[in-house]
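The file work-v4.cif comes next; it holds mmCIF, C-alpha atoms and all ligand atoms.
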data_target
loop_
_atom_site.label_atom_id
_atom_site.label_comp_id
_atom_site.auth_asym_id
_atom_site.auth_seq_id
_atom_site.Cartn_x
_atom_site.Cartn_y
_atom_site.Cartn_z
CA MET A 85 95.67 32.07 -20.22
CA LEU A 86 94.19 32.43 -23.69
CA THR A 87 96.21 29.58 -25.15
CA SER A 88 95.12 27.10 -22.47
CA PHE A 89 91.92 26.44 -24.40
CA LEU A 90 93.37 26.62 -27.91
CA ASN A 91 94.60 23.67 -29.91
CA PRO A 92 97.47 24.31 -32.31
CA GLU A 93 96.54 24.50 -36.02
CA GLN A 94 98.56 23.20 -38.94
CA PRO A 95 99.53 25.96 -41.39
CA ASP A 96 97.81 25.89 -44.79
CA PRO A 97 99.83 23.33 -46.81
CA LEU A 98 100.11 25.54 -49.90
CA LEU A 99 101.09 28.67 -48.02
CA ALA A 100 103.58 26.64 -45.95
CA VAL A 101 105.46 25.60 -49.13
CA ALA A 102 105.23 29.18 -50.44
CA ARG A 103 106.84 30.36 -47.22
CA LYS A 104 109.69 27.86 -47.68
CA ALA A 105 110.16 29.20 -51.23
CA ALA A 106 110.25 32.78 -50.00
CA ASP A 107 112.91 31.85 -47.45
CA ASP A 108 115.10 30.09 -50.05
CA ALA A 109 117.98 32.36 -51.05
CA ARG A 110 119.31 30.14 -53.86
CA PRO A 111 119.59 32.06 -57.13
CA GLY A 112 117.31 30.81 -59.89
CA LYS A 113 114.74 29.24 -57.58
CA LEU A 114 111.34 28.58 -59.14
CA ASP A 115 108.32 29.25 -56.96
CA LEU A 116 105.36 27.59 -58.68
CA THR A 117 103.13 27.59 -55.60
CA VAL A 118 100.56 30.35 -55.04
CA GLY A 119 98.21 31.21 -57.89
CA VAL A 120 99.28 34.69 -58.82
CA TYR A 121 99.85 35.67 -62.44
CA ARG A 122 103.44 36.53 -63.34
CA ASP A 123 104.90 37.72 -66.60
CA ASP A 124 107.99 36.19 -68.23
CA ASN A 125 110.14 38.36 -65.95
CA GLY A 126 108.51 36.93 -62.85
CA ARG A 127 106.61 40.12 -62.06
CA THR A 128 102.95 40.56 -61.16
CA PRO A 129 102.34 43.98 -62.68
CA VAL A 130 99.39 46.22 -61.90
CA MET A 131 97.29 46.14 -65.10
CA HIS A 132 97.36 49.32 -67.18
CA ALA A 133 93.57 49.52 -67.06
CA VAL A 134 93.74 49.34 -63.26
CA LYS A 135 96.39 52.08 -63.09
CA GLN A 136 94.26 54.34 -65.27
CA ALA A 137 91.12 53.67 -63.25
CA GLU A 138 93.04 54.36 -60.05
CA ALA A 139 94.28 57.67 -61.45
CA ARG A 140 90.70 58.67 -62.19
CA LEU A 141 89.57 57.67 -58.72
CA LEU A 142 92.40 59.61 -57.12
CA GLU A 143 91.32 62.65 -59.07
CA GLY A 144 87.55 62.33 -58.86
CA GLN A 145 86.66 60.48 -55.68
CA ALA A 146 84.99 62.98 -53.39
CA THR A 147 84.52 60.95 -50.21
CA LYS A 148 85.62 57.88 -48.32
CA ALA A 149 82.37 57.64 -46.35
CA TYR A 150 80.86 54.18 -45.84
CA LEU A 151 79.01 52.65 -48.75
CA GLY A 152 76.95 50.05 -46.93
CA VAL A 153 76.90 46.36 -46.07
CA ASP A 154 76.41 45.29 -49.69
CA GLY A 155 79.28 47.46 -50.89
CA ASN A 156 79.63 49.29 -54.18
CA ALA A 157 76.33 49.17 -56.09
CA GLY A 158 78.01 50.16 -59.37
CA PHE A 159 80.40 47.24 -58.97
CA ILE A 160 77.61 44.74 -58.36
CA ALA A 161 75.66 46.00 -61.38
CA ALA A 162 78.82 45.76 -63.49
CA ILE A 163 79.47 42.16 -62.39
CA PHE A 164 75.89 41.13 -63.19
CA ALA A 165 76.29 42.73 -66.62
CA LEU A 166 79.68 41.06 -67.16
CA LEU A 167 78.00 37.70 -66.50
CA GLY A 168 75.18 38.51 -68.89
CA LEU A 169 72.66 38.50 -66.03
CA SER A 170 70.06 41.20 -65.58
CA GLY A 171 70.62 41.28 -61.82
CA GLU A 172 67.09 42.64 -61.43
CA ALA A 173 65.48 41.87 -58.09
CA GLY A 174 62.37 40.87 -60.03
CA ASP A 175 64.37 38.06 -61.65
CA GLY A 176 65.21 36.67 -58.25
CA TRP A 177 68.84 37.80 -58.20
CA ALA A 178 70.52 39.40 -55.20
CA GLY A 179 74.14 40.51 -55.20
CA VAL A 180 76.55 41.83 -52.60
CA GLN A 181 80.18 42.84 -52.85
CA THR A 182 82.45 40.64 -50.72
CA PRO A 183 86.05 40.66 -49.50
CA GLY A 184 87.43 38.53 -52.34
CA GLY A 185 85.98 35.36 -53.82
CA THR A 186 86.81 33.62 -50.55
CA GLY A 187 84.58 36.07 -48.67
CA ALA A 188 81.81 35.18 -51.13
CA LEU A 189 82.34 31.45 -50.56
CA ARG A 190 82.21 31.91 -46.80
CA LEU A 191 79.03 33.98 -46.96
CA ALA A 192 77.52 31.45 -49.35
CA ALA A 193 78.29 28.62 -46.93
CA GLU A 194 76.75 30.53 -44.03
CA LEU A 195 73.66 31.36 -46.07
CA LEU A 196 73.20 27.77 -47.21
CA ALA A 197 73.88 26.36 -43.74
CA ARG A 198 71.14 28.62 -42.38
CA GLY A 199 68.76 27.47 -45.05
CA GLY A 200 68.77 23.84 -43.98
CA SER A 201 70.28 22.32 -40.87
CA GLY A 202 72.70 19.50 -41.56
CA ARG A 203 72.99 20.56 -45.17
CA THR A 204 75.87 18.99 -47.04
CA VAL A 205 78.03 20.42 -49.77
CA TRP A 206 79.35 17.90 -52.30
CA LEU A 207 82.89 18.77 -53.22
CA PRO A 208 84.62 17.20 -56.26
CA GLN A 209 88.26 16.34 -55.56
CA PRO A 210 90.84 17.62 -56.00
CA CYS A 211 89.72 21.13 -55.23
CA TRP A 212 91.27 24.35 -53.97
CA THR A 213 93.11 23.61 -50.71
CA ASN A 214 90.98 26.14 -48.85
CA HIS A 215 87.53 24.98 -50.01
CA GLN A 216 86.94 22.47 -47.21
CA HIS A 217 88.13 24.90 -44.58
CA VAL A 218 85.94 27.79 -45.74
CA LEU A 219 82.83 25.67 -46.29
CA ARG A 220 83.08 23.89 -42.95
CA ALA A 221 83.77 27.17 -41.15
CA GLY A 222 80.58 28.48 -42.77
CA GLY A 223 78.63 25.65 -41.14
CA LEU A 224 78.15 23.16 -43.99
CA GLY A 225 78.88 19.46 -43.78
CA VAL A 226 81.41 18.59 -46.48
CA GLN A 227 81.20 15.42 -48.55
CA ALA A 228 84.35 15.20 -50.64
CA PHE A 229 84.48 12.69 -53.49
CA PRO A 230 87.13 11.91 -56.15
CA ALA A 231 86.18 13.34 -59.54
CA TYR A 232 89.39 13.50 -61.53
CA ASP A 233 91.52 11.06 -63.51
CA PRO A 234 95.12 12.17 -62.91
CA ILE A 235 96.62 9.95 -65.60
CA ALA A 236 94.38 11.23 -68.39
CA ASN A 237 94.09 14.68 -66.74
CA ARG A 238 90.31 14.60 -67.11
CA ALA A 239 87.43 15.73 -64.93
CA ASP A 240 85.30 12.68 -64.16
CA LEU A 241 81.69 13.40 -65.13
CA ALA A 242 80.53 9.89 -64.18
CA ALA A 243 81.81 10.39 -60.62
CA MET A 244 80.02 13.74 -60.40
CA LEU A 245 76.75 12.26 -61.68
CA ALA A 246 77.05 9.47 -59.11
CA ALA A 247 77.52 12.07 -56.37
CA VAL A 248 74.43 13.94 -57.56
CA GLU A 249 72.47 10.67 -57.33
CA ALA A 250 73.76 10.05 -53.81
CA ALA A 251 72.99 13.58 -52.60
CA HIS A 252 69.78 14.57 -50.82
CA PRO A 253 67.48 17.13 -52.39
CA GLY A 254 68.49 20.51 -50.98
CA ASP A 255 72.17 19.60 -50.74
CA VAL A 256 74.73 21.88 -52.33
CA PHE A 257 77.04 20.93 -55.20
CA LEU A 258 80.21 22.99 -55.53
CA LEU A 259 81.64 23.33 -58.99
CA GLN A 260 84.35 25.38 -60.65
CA PRO A 261 82.96 25.49 -64.20
CA ILE A 262 85.77 27.66 -65.61
CA CYS A 263 89.45 26.83 -65.06
CA ASN A 264 89.57 24.24 -62.31
CA ASN A 265 91.95 24.94 -59.46
CA PRO A 266 94.10 22.82 -59.16
CA THR A 267 93.78 20.64 -62.27
CA GLY A 268 92.83 23.00 -65.12
CA ALA A 269 90.76 20.05 -66.39
CA ASP A 270 87.23 21.32 -66.94
CA LEU A 271 84.07 19.55 -68.02
CA SER A 272 83.09 20.25 -71.63
CA LEU A 273 79.99 22.29 -72.33
CA GLY A 274 78.05 19.15 -73.19
CA GLU A 275 79.16 17.46 -69.97
CA LEU A 276 78.21 20.55 -67.96
CA GLU A 277 74.75 20.40 -69.52
CA GLN A 278 74.36 16.80 -68.38
CA LEU A 279 75.54 17.68 -64.89
CA ALA A 280 73.31 20.77 -64.62
CA GLU A 281 70.33 18.71 -65.77
CA ALA A 282 71.06 16.02 -63.16
CA ILE A 283 71.48 18.67 -60.45
CA ALA A 284 68.17 20.25 -61.45
CA GLN A 285 66.38 16.86 -61.45
CA ARG A 286 67.76 15.98 -58.04
CA GLY A 287 66.82 19.34 -56.52
CA LEU A 288 70.36 20.33 -55.52
CA ILE A 289 71.68 23.86 -55.26
CA PRO A 290 74.79 24.59 -57.33
CA LEU A 291 77.46 26.74 -55.74
CA LEU A 292 79.59 27.96 -58.65
CA ASP A 293 83.06 29.11 -57.72
CA VAL A 294 84.15 31.47 -60.50
CA ALA A 295 87.66 32.73 -59.81
CA TYR A 296 89.26 32.61 -63.27
CA HIS A 297 86.66 34.14 -65.57
CA GLY A 298 88.39 35.17 -68.79
CA PHE A 299 91.29 32.70 -68.65
CA ALA A 300 89.54 29.98 -70.64
CA GLY A 301 89.09 31.75 -73.95
CA GLY A 302 87.38 35.06 -73.27
CA ILE A 303 84.96 36.78 -70.91
CA ASP A 304 81.97 36.57 -73.29
CA GLU A 305 82.84 33.18 -74.79
CA GLU A 306 82.90 31.61 -71.33
CA LEU A 307 79.41 32.76 -70.38
CA ALA A 308 77.99 29.62 -71.98
CA TYR A 309 79.59 27.63 -69.11
CA LEU A 310 77.55 29.62 -66.61
CA ASP A 311 74.34 29.89 -68.67
CA VAL A 312 74.07 26.12 -68.50
CA PHE A 313 73.25 26.60 -64.81
CA THR A 314 71.75 30.09 -64.61
CA ALA A 315 69.19 29.36 -67.32
CA ARG A 316 68.21 25.96 -65.92
CA LEU A 317 68.25 26.21 -62.15
CA PRO A 318 65.69 28.18 -60.15
CA GLU A 319 68.11 28.58 -57.25
CA LEU A 320 71.87 28.87 -57.32
CA VAL A 321 74.77 30.74 -55.83
CA ILE A 322 77.81 32.22 -57.55
CA ALA A 323 81.01 33.19 -55.72
CA TYR A 324 82.87 35.53 -58.09
CA SER A 325 86.43 36.74 -57.73
CA CYS A 326 88.21 39.65 -59.43
CA SER A 327 91.58 38.71 -57.91
CA LYS A 328 92.98 37.05 -61.02
CA ASN A 329 91.18 38.56 -64.00
CA PHE A 330 91.79 42.12 -62.76
CA SER A 331 95.08 41.25 -60.99
CA LEU A 332 93.64 42.87 -57.87
CA TYR A 333 94.66 40.13 -55.46
CA ARG A 334 95.46 42.14 -52.35
CA GLU A 335 92.52 44.51 -52.82
CA ARG A 336 90.13 41.63 -52.04
CA VAL A 337 87.40 42.14 -54.63
CA GLY A 338 84.62 39.63 -55.02
CA ALA A 339 80.87 39.23 -55.23
CA LEU A 340 78.23 36.85 -53.98
CA LEU A 341 75.32 36.45 -56.39
CA VAL A 342 72.27 34.51 -55.25
CA LYS A 343 69.39 33.45 -57.48
CA SER A 344 66.13 32.64 -55.70
CA CYS A 345 62.94 31.28 -57.20
CA ASP A 346 60.88 34.44 -56.75
CA ARG A 347 61.02 38.03 -55.58
CA ALA A 348 59.91 37.27 -52.00
CA SER A 349 62.57 34.55 -51.51
CA ARG A 350 65.14 36.82 -53.12
CA ASP A 351 64.40 39.55 -50.57
CA ILE A 352 64.77 37.09 -47.70
CA ALA A 353 68.06 35.71 -49.09
CA HIS A 354 69.38 39.22 -49.57
CA GLY A 355 68.41 40.20 -46.02
CA VAL A 356 70.10 37.11 -44.57
CA VAL A 357 73.30 37.73 -46.54
CA MET A 358 73.32 41.35 -45.33
CA ALA A 359 72.87 40.24 -41.73
CA LEU A 360 75.66 37.65 -42.06
CA ALA A 361 78.03 40.21 -43.56
CA ARG A 362 77.14 42.81 -40.96
CA GLY A 363 77.81 40.32 -38.19
CA ASN A 364 81.17 39.49 -39.68
CA TYR A 365 83.15 42.29 -41.37
CA SER A 366 80.26 44.77 -41.47
CA MET A 367 81.14 46.36 -44.83
CA PRO A 368 83.57 45.36 -47.57
CA PRO A 369 86.53 47.54 -48.62
CA ASP A 370 85.76 49.79 -51.60
CA HIS A 371 88.93 50.56 -53.52
CA GLY A 372 89.26 47.46 -55.70
CA ALA A 373 85.53 47.33 -56.39
CA ALA A 374 85.54 51.00 -57.40
CA VAL A 375 88.42 50.24 -59.79
CA VAL A 376 86.50 47.36 -61.40
CA ALA A 377 83.34 49.48 -61.71
CA GLU A 378 85.39 52.25 -63.35
CA ILE A 379 86.96 49.85 -65.86
CA LEU A 380 83.75 48.07 -66.77
CA GLY A 381 81.86 51.34 -67.05
CA ASP A 382 84.19 52.86 -69.65
CA ALA A 383 84.53 51.42 -73.15
CA ALA A 384 88.19 52.41 -73.61
CA LEU A 385 89.31 51.10 -70.21
CA ARG A 386 87.33 47.95 -70.74
CA ALA A 387 89.04 47.35 -74.08
CA THR A 388 92.48 47.90 -72.50
CA TRP A 389 91.61 45.46 -69.72
CA GLY A 390 90.27 42.89 -72.17
CA ALA A 391 93.47 43.04 -74.24
CA GLU A 392 95.63 42.62 -71.13
CA LEU A 393 93.58 39.65 -69.97
CA THR A 394 93.93 38.04 -73.40
CA GLN A 395 97.69 38.53 -73.23
CA MET A 396 97.86 36.82 -69.84
CA THR A 397 95.80 33.90 -71.12
CA GLN A 398 98.00 33.54 -74.17
CA ARG A 399 101.11 33.41 -72.03
CA LEU A 400 99.59 30.68 -69.85
CA ASN A 401 98.64 28.69 -72.93
CA THR A 402 102.13 29.06 -74.41
CA VAL A 403 103.76 27.73 -71.24
CA ARG A 404 101.24 24.88 -71.00
CA GLU A 405 101.89 23.92 -74.62
CA ALA A 406 105.67 24.04 -74.08
CA LEU A 407 105.30 21.65 -71.14
CA ALA A 408 102.93 19.36 -73.03
CA ALA A 409 105.30 19.24 -76.00
CA LEU A 410 107.96 17.66 -73.74
CA GLY A 411 105.88 14.48 -73.57
CA HIS A 412 107.19 12.00 -71.00
CA VAL A 413 109.44 13.61 -68.40
CA GLY A 414 110.63 11.74 -65.32
CA GLY A 415 107.82 9.22 -65.49
CA ALA A 416 105.09 11.83 -65.94
CA ASP A 417 103.28 12.22 -69.27
CA LEU A 418 103.01 15.99 -69.67
CA SER A 419 101.25 15.74 -73.02
CA VAL A 420 97.96 15.22 -71.12
CA LEU A 421 98.15 18.84 -69.97
CA ARG A 422 97.15 19.89 -73.47
CA GLY A 423 93.51 20.94 -73.48
CA SER A 424 93.37 22.04 -69.86
CA ARG A 425 92.71 25.70 -69.07
CA GLY A 426 93.65 28.49 -66.74
CA MET A 427 96.48 29.18 -64.38
CA PHE A 428 97.12 25.71 -63.02
CA CYS A 429 97.94 22.21 -64.02
CA GLN A 430 98.42 19.07 -62.05
CA VAL A 431 101.66 17.17 -62.65
CA PRO A 432 101.23 13.58 -61.46
CA LEU A 433 104.37 13.23 -59.32
CA PRO A 434 104.97 11.30 -56.11
CA VAL A 435 105.51 13.49 -53.05
CA PRO A 436 109.17 12.37 -52.60
CA VAL A 437 109.94 13.65 -56.11
CA ILE A 438 108.23 16.97 -55.31
CA ARG A 439 110.33 17.25 -52.14
CA THR A 440 113.52 16.40 -54.02
CA LEU A 441 112.70 19.07 -56.59
CA ARG A 442 112.46 21.51 -53.71
CA GLU A 443 115.54 20.41 -51.83
CA ASP A 444 117.95 19.68 -54.68
CA HIS A 445 116.75 22.08 -57.38
CA ALA A 446 114.97 24.95 -55.57
CA VAL A 447 111.81 24.16 -57.57
CA TYR A 448 108.77 24.71 -55.35
CA MET A 449 105.32 23.34 -56.06
CA ALA A 450 102.34 22.23 -53.97
CA GLU A 451 102.78 18.71 -52.62
CA THR A 452 99.63 17.76 -54.53
CA GLY A 453 101.57 18.28 -57.79
CA ARG A 454 99.80 21.51 -58.71
CA ILE A 455 101.89 24.12 -60.46
CA ASN A 456 101.14 27.74 -61.26
CA LEU A 457 101.95 27.92 -64.97
CA ALA A 458 102.27 31.68 -64.84
CA ALA A 459 105.22 31.39 -62.48
CA LEU A 460 107.19 29.36 -65.01
CA PRO A 461 108.98 31.66 -67.48
CA LEU A 462 108.99 30.18 -70.97
CA PRO A 463 112.81 30.24 -71.20
CA ARG A 464 112.95 28.12 -68.04
CA VAL A 465 110.65 25.31 -69.13
CA ALA A 466 113.62 23.21 -70.25
CA ALA A 467 115.43 23.72 -66.93
CA PHE A 468 112.24 22.73 -65.10
CA ALA A 469 112.05 19.53 -67.18
CA ASP A 470 115.73 18.75 -66.45
CA ALA A 471 115.12 19.16 -62.72
CA LEU A 472 112.05 16.93 -62.94
CA GLU A 473 114.00 14.29 -64.78
CA ALA A 474 116.88 14.40 -62.26
CA ALA A 475 114.55 14.34 -59.21
CA SER A 476 112.61 11.37 -60.62
CA ARG A 477 115.87 9.47 -61.26
CA LYS A 478 116.99 10.09 -57.69
CA VAL A 479 113.69 8.85 -56.24
CA PRO A 480 112.87 5.65 -58.09
CA ALA A 481 109.16 4.87 -58.38
C1 LIG B 1 95.79 29.64 -55.06
O1 LIG B 1 95.02 28.69 -55.20
O2 LIG B 1 97.02 29.50 -55.12
C2 LIG B 1 95.23 31.02 -54.84
O3 LIG B 1 93.85 31.01 -54.94
C3 LIG B 1 95.74 31.64 -53.60
C4 LIG B 1 95.22 31.01 -52.34
O4 LIG B 1 94.72 31.77 -51.51
O5 LIG B 1 95.31 29.80 -52.15
#

This entry written out as structure tokens:
Amino acid sequence: MLTSFLNPEQPDPLLAVARKAADDARPGKLDLTVGVYRDDNGRTPVMHAVKQAEARLLEGQATKAYLGVDGNAGFIAAIFALLGLSGEAGDGWAGVQTPGGTGALRLAAELLARGGSGRTVWLPQPCWTNHQHVLRAGGLGVQAFPAYDPIANRADLAAMLAAVEAAHPGDVFLLQPICNNPTGADLSLGELEQLAEAIAQRGLIPLLDVAYHGFAGGIDEELAYLDVFTARLPELVIAYSCSKNFSLYRERVGALLVKSCDRASRDIAHGVVMALARGNYSMPPDHGAAVVAEILGDAALRATWGAELTQMTQRLNTVREALAALGHVGGADLSVLRGSRGMFCQVPLPVPVIRTLREDHAVYMAETGRINLAALPLPRVAAFADALEAASRKVPA
């Protein structure tokens, strides 16, 4: 029997709470779990730019024949351009389209695990719930280390520099330089420079997880946070996602970009990535990538998309500010959320309070305290605070 040699697996903790929220029939429930953008009406609309690009594709697409293992070449070129990178093979860059940013992370892990047996990835905590799983499954050893001060809501540069010191040359250092998931607490540009310099000195390979490009102040403005690494390091890997900034979640659109030190190494890295992809899903799906290529290749569509992305960011910032303005609520100081960026913030609450919020008030959040700001309509911030206050009173510290 198949199951006789299988051990049961625990469900993903975030998705398990999201499932509970979906099953809750109480009116007015708040599901602040999974990181999907929602407007003030709780909807996740298809962006206008996406709709228009899709209409064009419907009209003009002449074939659904395979594209190839590396996917949509126009998409990859557009992502390199969006990141201000030439993407020329001669510069050492290789790029392939992947099934989402997660697909890129998995391929990156497999590539890096091939490149050095016993290679370790250093993973600042807290991180995305799925990071460890994906990186281990890709064959890397994972060395998690705490790198966040929950009381001040600050990323801990000193802890990261200590980890760099402790790492072996050739190890991998995973970093989300733009909009940390789950904390929203990013290193400043100056701090990133220090970290990138230390990584370069130590001979580590940065793996940059870029899943929220555009949510921290603007697509072009944020490039400085990547340049710090791309300009300094001879070798690095970027896992890029279009799930959030193009609202293309279910289409699974991502890219793996690998920078090698010279053309010959670039060709080898590209060949290995192609072989890994071929041995896994063979070829990525095209639709979402074709949509992104269409948008980025057309000035008017690109402007529409940019304006929509700005609107989403502004809404997130408004909700974050409304929470921060509440100050101390139920023992948590929400004012520290000010200054963080992106879709998430981390509310420092004990797990029993989080469970009481769920059970008594139908307010669902990850048990780590992460909330998806986009899922909190501005008019409901006060009700959220009341629930938090009541739950904290019921569960004394
Ligand atoms: C999240 O962090 O909520 C999203 O990236 C969705 C996921 O797959 O976990």

Practice task
Report as a VMD selection string which protein, DNA and RNA residues come within 8 Å of ligand LIG 1 (chain B), using only C-alpha atoms and all ligand atoms.
Solution key: chain A and resid 98 to 99 117 to 120 212 to 214 265 to 266 456

Once 8 Å is added on each side, what centre and edge lengths in Å to one decimal does the axis-aligned box around all listed atoms of segment 330-339 of chain A have, as JSON?
{"center_x": 88.2, "center_y": 41.9, "center_z": -57.4, "size_x": 30.6, "size_y": 21.3, "size_z": 26.7}

Practice task
Name the residues in contact with His354 of chain A at a cut-off of 9 Å, using all atoms listed in the file, excluding same-chain residues fewer than 4 positions from it; report them as number ranges by chain.
Solution key: A: 177-180, 342, 349-350, 358-359

Exercise for the section: Identify the residues within 7 Å of coordinate (97.3, 31.8, -67.6) (same frame as the file), considering only C-alpha atoms, and give the answer as a list in words. Expected result: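 Here is the list of nearby residues: Tyr121, Phe299, Met396, Thr397, Gln398, Arg399, Leu400, Asn401, Gly426, Met427, Leu457 and Ala458 of chain A.
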
Exercise for the section: Could you jot down the atom CA of His412 of chain A to atom CA of Gln430 of chain A separation for me, Å, one decimal place? Expected result: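 According to the coordinates, atom CA of His412 of chain A and atom CA of Gln430 of chain A are separated by 14.4 Å.
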
Exercise for the section: For Pro436 of chain A, list every protein, DNA or RNA residue within 12 Å, evaluated using only C-alpha atoms, and leave out those in the same chain fewer than 2 positions away; present the list as a list of chain:residue names. Expected result: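 Answer for this query is A:Pro432, A:Leu433, A:Pro434, A:Ile438, A:Arg439, A:Thr440, A:Leu441, A:Arg442, A:Glu443, A:Asp444, A:Glu451, A:Thr452, A:Gly453, A:Leu472, A:Ala475, A:Ser476, A:Arg477, A:Lys478, A:Val479, A:Pro480, A:Ala481.
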
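The neighbours of Pro290 of chain A here are the residues that come within 9 Å of it, using all atoms listed in the file and leaving out any residue fewer than 4 positions away in the same chain; they are Asp255, Val256, Phe257, Leu258, Leu259, Ala280, Ile283, Ala284, Phe313, Leu317, Glu319, Leu320, Val321 and Ile322 of chain A.
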
Problem - Residue nearest Gln145 of chain A among A:His371, A:Arg347, A:His215, A:Lys328 (counting all atoms listed in the file) - result: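 Selected residue with least distance to Gln145 of chain A: A:His371.
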
Exercise for the section: Might you pull out every residue within 9 Å of segment 223-234 of chain A, with only C-alpha atoms counted and same-chain residues fewer than 2 positions away left off, and present them as a ChimeraX atom specification? Expected result: /A:193-194,196-198,201-210,216,218-221,236-244,247,267,269,430-432

Problem - Interatomic distance, atom CA of Gly390 of chain A to atom CA of Met131 of chain A (Å, one decimal) - result: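 Separation of atom CA of Gly390 of chain A and atom CA of Met131 of chain A: 10.5 Å.
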
Problem - For Tyr150 of chain A: contacts at 10 Å, only C-alpha atoms, fewer than 6 positions along chain excluded, given as a list in words - result: Asn156, Met367, Pro368, Pro369 and Asp370 of chain A

Write the residues of the preceding selection, restricted to C-alpha atoms, as a short mmCIF file (atom, residue, chain, number, x, y, z; two decimals), in the frame of the given file.
data_model
loop_
_atom_site.label_atom_id
_atom_site.label_comp_id
_atom_site.auth_asym_id
_atom_site.auth_seq_id
_atom_site.Cartn_x
_atom_site.Cartn_y
_atom_site.Cartn_z
CA ASN A 156 79.63 49.29 -54.18
CA MET A 367 81.14 46.36 -44.83
CA PRO A 368 83.57 45.36 -47.57
CA PRO A 369 86.53 47.54 -48.62
CA ASP A 370 85.76 49.79 -51.60
#

Problem - Among listed residues A:Ala137, A:Ala348, A:Leu410, A:Leu341, nearest Leu291 of chain A (using only C-alpha atoms) - result: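 Looking at the shortest contact to Leu291 of chain A, the residue is A:Leu341.
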
Problem - Selected residue of minimal separation from Thr402 of chain A among A:Leu460, A:Lys113, A:Ala474, A:Leu310, counting only C-alpha atoms - result: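 Selected residue with least distance to Thr402 of chain A: A:Leu460.
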
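Only residues having an atom at most 8 Å from (83.5, 34.0, -50.4) are included; using all atoms listed in the file, these are Thr182, Pro183, Gly184, Gly185, Thr186, Gly187, Ala188, Leu189, Arg190, Leu191, Ala192, Ala323, Tyr324, Gly338, Ala339 and Leu340 of chain A.
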
Restricting it to C-alpha atoms, dump the selection as a PDB file, in the frame of the given file.
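This went into again-v8.pdb:
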ATOM      1  CA  THR A 182      82.450  40.640 -50.720  1.00  0.00           C
ATOM      2  CA  PRO A 183      86.050  40.660 -49.500  1.00  0.00           C
ATOM      3  CA  GLY A 184      87.430  38.530 -52.340  1.00  0.00           C
ATOM      4  CA  GLY A 185      85.980  35.360 -53.820  1.00  0.00           C
ATOM      5  CA  THR A 186      86.810  33.620 -50.550  1.00  0.00           C
ATOM      6  CA  GLY A 187      84.580  36.070 -48.670  1.00  0.00           C
ATOM      7  CA  ALA A 188      81.810  35.180 -51.130  1.00  0.00           C
ATOM      8  CA  LEU A 189      82.340  31.450 -50.560  1.00  0.00           C
ATOM      9  CA  ARG A 190      82.210  31.910 -46.800  1.00  0.00           C
ATOM     10  CA  LEU A 191      79.030  33.980 -46.960  1.00  0.00           C
ATOM     11  CA  ALA A 192      77.520  31.450 -49.350  1.00  0.00           C
ATOM     12  CA  ALA A 323      81.010  33.190 -55.720  1.00  0.00           C
ATOM     13  CA  TYR A 324      82.870  35.530 -58.090  1.00  0.00           C
ATOM     14  CA  GLY A 338      84.620  39.630 -55.020  1.00  0.00           C
ATOM     15  CA  ALA A 339      80.870  39.230 -55.230  1.00  0.00           C
ATOM     16  CA  LEU A 340      78.230  36.850 -53.980  1.00  0.00           C
TER      17      LEU A 340
END

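Nearest to Arg454 of chain A of all the residues A:Glu378, A:Asp115, A:Asp470, A:Asp175 is A:Asp115, based on only C-alpha atoms.
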